[in-house]
Protein chains: 2
Amino acid sequence: MERLPGFRDFYPEPLPHQDVWSADLRNYIFETWRNVARRYGFREYDGPPLESLELYTTKSGDEIVGQLYNFADKGDRAVALRPEMTPTLARMVAAHARNYKKPIKWFAIPQLFRYERQQKGRLREHFQFNADIFGETDPAADAELIALLIDSLRALKLTADDFVIRLSSRNAWHEFFQRGTHSPDPKPQTRDARRQTPNPKPQTPDAAEYEFYQIIDKLEREEPAQSDAKLKALGFSLDVLREFITAAKPTAELDAILQNLAARGLGDFVKIDYNVIRGLAYYTGPVFEAFDKKGEFRAIAGGGRYDNLVKLISGGKVELPGLGFGMGDVVLTELLEERGLIPEFGPGTDLYVMIEEESLRGETLSLVQKLRETWNVDYPLRPEKPDKQFKRAVELKAAFTAKLDKNEQGNRVIRFKNLSSREEVVVSSVDELYEREHLKKFWIEISKHKRTGHTQ
Amino acid sequence: MERLPGFRDFYPEPLPHQDVWSADLRNYIFETWRNVARRYGFREYDGPPLESLELYTTKSGDEIVGQLYNFADKGDRAVALRPEMTPTLARMVAAHARNYKKPIKWFAIPQLFRYERQQKGRLREHFQFNADIFGETDPAADAELIALLIDSLRALKLTADDFVIRLSSRNAWHEFFQRGTHSPDPKPQTRDARRQTPNPKPQTPDAAEYEFYQIIDKLEREEPAQSDAKLKALGFSLDVLREFITAAKPTAELDAILQNLAARGLGDFVKIDYNVIRGLAYYTGPVFEAFDKKGEFRAIAGGGRYDNLVKLISGGKVELPGLGFGMGDVVLTELLEERGLIPEFGPGTDLYVMIEEESLRGETLSLVQKLRETWNVDYPLRPEKPDKQFKRAVELKAAFTAKLDKNEQGNRVIRFKNLSSREEVVVSSVDELYEREHLKKFWIEISKHKRTGHTQ
């Protein structure tokens, strides 16, 4: 029985096989995302993994719709496994925006899906950290969001040497497009050639502009000659675009974002780059992508402003500016691996309780129960020789062993042993550990182990 | 644009509407499950939400198969959104069991799906805490698992007055069935009547026994007369069953489990109840369900031993005994609500940083950045009047406000104000807070707020 192609199993470490993913690493990434988002005052939400197909077909643009994991359910509804989170979020916010004070700052870690012809190693699902802000048009919100993105990556120990945020704006390209289409040299012959109809219906500005954005979005992936031909059909040329991109003059809003990030000491992490425009249809203002600096990987994250989406999704009922980004777990994991930034993970066992005499099993279970109020505790489920139990404690990377014993007076004691220092602590009850001041050090040592165990 | 029927949106509190669910509550439940599982030495895994239909059709029994959320994907594969986690887990363990030392103790919190005719309020998805043990036949493993179940509920502040584990065993019923079918009074006439064929092919013992289990599983939901008729067709009667259930004599394995739990001080949480047998086809030994004591809700959790499932899923290649339970979030939430055990949730903001002079915005951003290394910090994204900022701090239930100011000598200071006690602390830099011993109390107060914020 095999899992479906393009889907992943997540195993606890040690990993059994190259082909599977680490659940411990996934937890480490998710917890890092969560912690940083909360430090930034973002609150968690979630929506259904399955939505009406309609939610995506007109809102997101062709690229994502062509890769939808859609089907008809048993009630004959056209549905899709969510390919992105933003439409769900816009739907949720539109439904209940009045209950929340603005700005709304929310995050989620949804699993997202797509269905395209299977390529080697190409996945059909991934997890994505989504953070969004609603109700604020000021570029300060864009800066806040980008700062969160930067700090999420820094919390995973990536530095300004590893990644950069390429910042752009649809507004800059909108102006450029408007200027271009009103230029004295619209090259109508090329336009006709492309259309191959003698009398083409005039395109609405929106559709032509969206087409223009699609060409820019593909600039770095497409043959220059092909891009140039497409651009000429719209009355532009690759050379003129390249000039504009090279000049990289920030718009007023982008300038405000740059200054804001510089004030936070995050100026080194961002640069203006008009190559970026984002593929999704709904962006309306500043857009950005995070890339590794060596250019070895696909985008780590991407996002931007979508001030009309809530209005669109709510059928015109709710107007609320929004902006957000998404960061997937797959490219990120590749990058962390390449940079040697994946920590070692372990079982996170604090204490391994040994049972040297089976007659003590009942009493030991009571000890285990008590210790588990605070610590991650394991013990042998069935009778085992002491050396095998000790081996198990070492395998589990336990910080301490514990066992019941008697002292010279024949009274019950518990012996704790630090497996690194081999130091021993002997007490007559677990409570004594909490009560006696000189045992504080002991707890601090276990706590230290707990904190760095990456399994919380 | 509406969400699909039977699916849930999870909003941060305050909740906008009765019809939506709390993301904060969900996090609280998930974090509690995770913490208790880790204290018991269980490690997290996950698998795909979508699997081959085949994984479920023969393994789980009719009830679950009839409610599968299945469809054909674009590659014409028969697939299903997972209705339960155990088959996925058995598949994963079968594939890579050799890499893991036994016993394997794993947990997951998957979202599960079903599709049945929509009833009012009936959901098509829920989240389920799954914990499983592989590689141990001793009843000590069953006891360890049930102890985890009990402590998961206790960690949510439920007590022995609120719930009970009803413990049973398929082995007890198997013996009963074997005795019954070899009894001198097989009542063949009733059997023929049911089959309505003059010469029925003899059923394999397995199929008849499974049918027998299905009748027991429905005993508490079905009309007694109907159960009795079905039982008589198999050569039994409701009276004889009731006698067996009332006697509730534990088998040797159940006795071992009871003693083990009693040694842990958990004896009050469990009782033998042969009404329980579980609907799923793959159980082979002890089975159990957690119920609220007043009997107002459906089962809170259920599970048992399935020693043949890994062998079945692996096509006979891997033999590994297993056992596990699942606890859903929906009935649990209803119970917590009814018992008044849902904590108050808040935004979890530690510090709200105010900006009284816009000329200080840049410098304040640097302060925010520094404070966010440790705390959950918010601040006004755009210029606001001080009283509006203060109101926002109160709305966010921040523990402290902070703001830049100057002291009498004209030097830069940061003023922190405790919003409960109104006490103020003035320092010249954030580092000073860490360095100066007399400010320790201040940090302890913020930390206390953080710990009880329920947003971790």
# chains A, B, ... in the order shown; residues from 1 in each chain; ligands from 1
call {"tool": "closest_atom_pairs", "arguments": {"of": "range 273-383 of chain A", "to": "range 407-426 of chain A", "cutoff": "10 Å", "atoms": "only C-alpha atoms", "output": "Markdown table"}}
result
| residue | atom | partner | partner_atom | distance |
| --- | --- | --- | --- | --- |
| A:Leu351 | CA | A:Phe416 | CA | 8.8 |
| A:Tyr352 | CA | A:Phe416 | CA | 9.5 |
| A:Val353 | CA | A:Phe416 | CA | 8.9 |
| A:Thr364 | CA | A:Ile414 | CA | 9.8 |
| A:Leu367 | CA | A:Ile414 | CA | 9.0 |
call {"tool": "select_by_dssp", "arguments": {"residues": "range 38-210 of chain B", "states": "helix (DSSP H, G or I)", "output": "JSON, numbers by chain"}}
result
{"B": [38, 39, 54, 55, 56, 57, 62, 63, 64, 65, 66, 86, 87, 88, 89, 90, 91, 92, 93, 94, 95, 96, 97, 98, 99, 139, 140, 141, 142, 143, 144, 145, 146, 147, 148, 149, 150, 151, 152, 153, 154, 155, 170, 171, 172, 173, 174, 175, 176, 177, 178, 179, 180, 181, 188, 189, 190, 191, 192, 193, 194, 195, 205, 206, 207, 208, 209, 210]}
call {"tool": "residues_around", "arguments": {"residues": "range 88-97 of chain B", "least_positions_apart": "3", "cutoff": "6 Å", "atoms": "only C-alpha atoms", "output": "list in words"}}
result
Pro16 of chain A; Met85, Tyr100, Val310, Ser314 and Val318 of chain B
call {"tool": "residues_around", "arguments": {"residues": "Val394 in chain A", "least_positions_apart": "3", "cutoff": "12 Å", "atoms": "only C-alpha atoms", "output": "list in words"}}
result
Gly346, Pro347, Gly348, Thr349, Asp350, Leu351, Tyr352, Val353, Asp378, Asp387, Lys388, Gln389, Phe390, Lys391, Lys397, Ala398, Ala399, Phe400, Thr401, Asn418, Leu419 and Ser420 of chain A
call {"tool": "write_last_selection", "arguments": {"atoms": "N, CA and C atoms", "output": "mmCIF file, in the first residue's frame"}}
result
data_model
loop_
_atom_site.group_PDB
_atom_site.id
_atom_site.type_symbol
_atom_site.label_atom_id
_atom_site.label_comp_id
_atom_site.auth_asym_id
_atom_site.auth_seq_id
_atom_site.Cartn_x
_atom_site.Cartn_y
_atom_site.Cartn_z
ATOM 1 N N GLY A 346 15.900 15.275 18.735
ATOM 2 C CA GLY A 346 15.938 14.052 19.538
ATOM 3 C C GLY A 346 14.571 13.753 20.105
ATOM 4 N N PRO A 347 14.462 12.657 20.838
ATOM 5 C CA PRO A 347 13.160 12.262 21.389
ATOM 6 C C PRO A 347 12.658 13.223 22.470
ATOM 7 N N GLY A 348 13.546 14.045 23.028
ATOM 8 C CA GLY A 348 13.096 15.005 24.025
ATOM 9 C C GLY A 348 12.783 14.390 25.373
ATOM 10 N N THR A 349 13.302 13.194 25.625
ATOM 11 C CA THR A 349 13.058 12.543 26.918
ATOM 12 C C THR A 349 13.887 13.216 28.017
ATOM 13 N N ASP A 350 13.233 13.670 29.068
ATOM 14 C CA ASP A 350 13.953 14.287 30.187
ATOM 15 C C ASP A 350 14.480 13.212 31.134
ATOM 16 N N LEU A 351 13.604 12.275 31.472
ATOM 17 C CA LEU A 351 13.930 11.265 32.475
ATOM 18 C C LEU A 351 13.562 9.884 31.975
ATOM 19 N N TYR A 352 14.485 8.930 32.166
ATOM 20 C CA TYR A 352 14.137 7.542 31.912
ATOM 21 C C TYR A 352 14.123 6.822 33.261
ATOM 22 N N VAL A 353 12.950 6.275 33.604
ATOM 23 C CA VAL A 353 12.807 5.631 34.905
ATOM 24 C C VAL A 353 13.057 4.135 34.757
ATOM 25 N N ASP A 378 9.982 8.426 30.231
ATOM 26 C CA ASP A 378 9.743 7.098 29.678
ATOM 27 C C ASP A 378 10.272 6.037 30.639
ATOM 28 N N ASP A 387 20.902 -3.467 32.127
ATOM 29 C CA ASP A 387 21.800 -2.885 31.113
ATOM 30 C C ASP A 387 21.026 -2.537 29.843
ATOM 31 N N LYS A 388 19.985 -3.321 29.549
ATOM 32 C CA LYS A 388 19.156 -3.010 28.387
ATOM 33 C C LYS A 388 18.336 -1.740 28.643
ATOM 34 N N GLN A 389 17.886 -1.592 29.866
ATOM 35 C CA GLN A 389 17.143 -0.375 30.231
ATOM 36 C C GLN A 389 18.034 0.848 30.116
ATOM 37 N N PHE A 390 19.276 0.688 30.592
ATOM 38 C CA PHE A 390 20.206 1.819 30.543
ATOM 39 C C PHE A 390 20.506 2.200 29.090
ATOM 40 N N LYS A 391 20.662 1.179 28.251
ATOM 41 C CA LYS A 391 20.915 1.402 26.819
ATOM 42 C C LYS A 391 19.743 2.201 26.218
ATOM 43 N N LYS A 397 18.324 9.574 24.540
ATOM 44 C CA LYS A 397 19.052 10.795 24.908
ATOM 45 C C LYS A 397 18.460 11.443 26.164
ATOM 46 N N ALA A 398 18.030 10.612 27.088
ATOM 47 C CA ALA A 398 17.470 11.131 28.330
ATOM 48 C C ALA A 398 18.534 11.937 29.082
ATOM 49 N N ALA A 399 18.100 12.992 29.774
ATOM 50 C CA ALA A 399 19.045 13.784 30.565
ATOM 51 C C ALA A 399 19.392 13.058 31.864
ATOM 52 N N PHE A 400 18.399 12.389 32.434
ATOM 53 C CA PHE A 400 18.572 11.723 33.720
ATOM 54 C C PHE A 400 17.919 10.340 33.697
ATOM 55 N N THR A 401 18.456 9.423 34.508
ATOM 56 C CA THR A 401 17.698 8.223 34.851
ATOM 57 C C THR A 401 17.174 8.409 36.279
ATOM 58 N N ASN A 418 22.446 12.028 36.539
ATOM 59 C CA ASN A 418 22.697 12.855 35.358
ATOM 60 C C ASN A 418 23.537 12.051 34.375
ATOM 61 N N LEU A 419 23.010 11.793 33.200
ATOM 62 C CA LEU A 419 23.713 10.907 32.268
ATOM 63 C C LEU A 419 24.929 11.566 31.609
ATOM 64 N N SER A 420 25.052 12.873 31.685
ATOM 65 C CA SER A 420 26.269 13.523 31.173
ATOM 66 C C SER A 420 27.343 13.558 32.254
#
call {"tool": "closest_residue", "arguments": {"among": "A:Ile313, A:Ala301, A:Leu25, A:Ile133", "to": "chain B", "atoms": "only C-alpha atoms"}}
result
A:Ile313
call {"tool": "atom_distance", "arguments": {"atom1": "CA of Ala172 in chain A", "atom2": "CA of Lys249 in chain A"}}
result
9.1 Å
call {"tool": "decode", "arguments": {"residues": "range 210-224 of chain B", "atoms": "N, CA, C and O atoms", "output": "PDB file, in the first residue's frame"}}
result
ATOM      1  N   TYR B 210     -17.854 -10.865  13.118  1.00  0.00           N
ATOM      2  CA  TYR B 210     -17.861  -9.417  12.895  1.00  0.00           C
ATOM      3  C   TYR B 210     -19.290  -8.882  12.947  1.00  0.00           C
ATOM      4  O   TYR B 210     -19.544  -7.818  13.528  1.00  0.00           O
ATOM      5  N   GLU B 211     -20.214  -9.654  12.374  1.00  0.00           N
ATOM      6  CA  GLU B 211     -21.624  -9.258  12.410  1.00  0.00           C
ATOM      7  C   GLU B 211     -22.104  -9.193  13.863  1.00  0.00           C
ATOM      8  O   GLU B 211     -22.802  -8.250  14.263  1.00  0.00           O
ATOM      9  N   PHE B 212     -21.695 -10.211  14.626  1.00  0.00           N
ATOM     10  CA  PHE B 212     -22.020 -10.259  16.056  1.00  0.00           C
ATOM     11  C   PHE B 212     -21.496  -9.003  16.770  1.00  0.00           C
ATOM     12  O   PHE B 212     -22.207  -8.355  17.548  1.00  0.00           O
ATOM     13  N   TYR B 213     -20.266  -8.629  16.462  1.00  0.00           N
ATOM     14  CA  TYR B 213     -19.669  -7.417  17.066  1.00  0.00           C
ATOM     15  C   TYR B 213     -20.460  -6.164  16.692  1.00  0.00           C
ATOM     16  O   TYR B 213     -20.634  -5.253  17.498  1.00  0.00           O
ATOM     17  N   GLN B 214     -20.925  -6.130  15.453  1.00  0.00           N
ATOM     18  CA  GLN B 214     -21.693  -4.965  14.994  1.00  0.00           C
ATOM     19  C   GLN B 214     -22.986  -4.813  15.802  1.00  0.00           C
ATOM     20  O   GLN B 214     -23.401  -3.701  16.109  1.00  0.00           O
ATOM     21  N   ILE B 215     -23.596  -5.968  16.117  1.00  0.00           N
ATOM     22  CA  ILE B 215     -24.838  -5.920  16.913  1.00  0.00           C
ATOM     23  C   ILE B 215     -24.532  -5.348  18.310  1.00  0.00           C
ATOM     24  O   ILE B 215     -25.249  -4.485  18.809  1.00  0.00           O
ATOM     25  N   ILE B 216     -23.443  -5.841  18.913  1.00  0.00           N
ATOM     26  CA  ILE B 216     -23.068  -5.349  20.245  1.00  0.00           C
ATOM     27  C   ILE B 216     -22.759  -3.845  20.185  1.00  0.00           C
ATOM     28  O   ILE B 216     -23.189  -3.081  21.044  1.00  0.00           O
ATOM     29  N   ASP B 217     -22.055  -3.459  19.117  1.00  0.00           N
ATOM     30  CA  ASP B 217     -21.682  -2.046  18.970  1.00  0.00           C
ATOM     31  C   ASP B 217     -22.917  -1.148  18.935  1.00  0.00           C
ATOM     32  O   ASP B 217     -22.874  -0.005  19.381  1.00  0.00           O
ATOM     33  N   LYS B 218     -24.028  -1.692  18.423  1.00  0.00           N
ATOM     34  CA  LYS B 218     -25.246  -0.872  18.283  1.00  0.00           C
ATOM     35  C   LYS B 218     -26.234  -1.063  19.442  1.00  0.00           C
ATOM     36  O   LYS B 218     -27.278  -0.417  19.470  1.00  0.00           O
ATOM     37  N   LEU B 219     -25.904  -1.957  20.388  1.00  0.00           N
ATOM     38  CA  LEU B 219     -26.841  -2.297  21.471  1.00  0.00           C
ATOM     39  C   LEU B 219     -27.475  -1.081  22.140  1.00  0.00           C
ATOM     40  O   LEU B 219     -28.673  -1.058  22.407  1.00  0.00           O
ATOM     41  N   GLU B 220     -26.644  -0.082  22.407  1.00  0.00           N
ATOM     42  CA  GLU B 220     -27.164   1.062  23.170  1.00  0.00           C
ATOM     43  C   GLU B 220     -27.921   2.061  22.301  1.00  0.00           C
ATOM     44  O   GLU B 220     -28.508   3.004  22.807  1.00  0.00           O
ATOM     45  N   ARG B 221     -27.883   1.855  20.959  1.00  0.00           N
ATOM     46  CA  ARG B 221     -28.555   2.795  20.080  1.00  0.00           C
ATOM     47  C   ARG B 221     -29.787   2.204  19.403  1.00  0.00           C
ATOM     48  O   ARG B 221     -30.623   2.906  18.859  1.00  0.00           O
ATOM     49  N   GLU B 222     -29.872   0.870  19.428  1.00  0.00           N
ATOM     50  CA  GLU B 222     -30.904   0.181  18.662  1.00  0.00           C
ATOM     51  C   GLU B 222     -32.050  -0.261  19.581  1.00  0.00           C
ATOM     52  O   GLU B 222     -31.857  -0.439  20.783  1.00  0.00           O
ATOM     53  N   GLU B 223     -33.218  -0.471  18.989  1.00  0.00           N
ATOM     54  CA  GLU B 223     -34.347  -1.035  19.724  1.00  0.00           C
ATOM     55  C   GLU B 223     -33.963  -2.420  20.244  1.00  0.00           C
ATOM     56  O   GLU B 223     -33.470  -3.248  19.465  1.00  0.00           O
ATOM     57  N   PRO B 224     -34.215  -2.707  21.536  1.00  0.00           N
ATOM     58  CA  PRO B 224     -33.864  -4.030  22.080  1.00  0.00           C
ATOM     59  C   PRO B 224     -34.438  -5.185  21.259  1.00  0.00           C
ATOM     60  O   PRO B 224     -33.754  -6.173  21.011  1.00  0.00           O
TER      61      PRO B 224
END
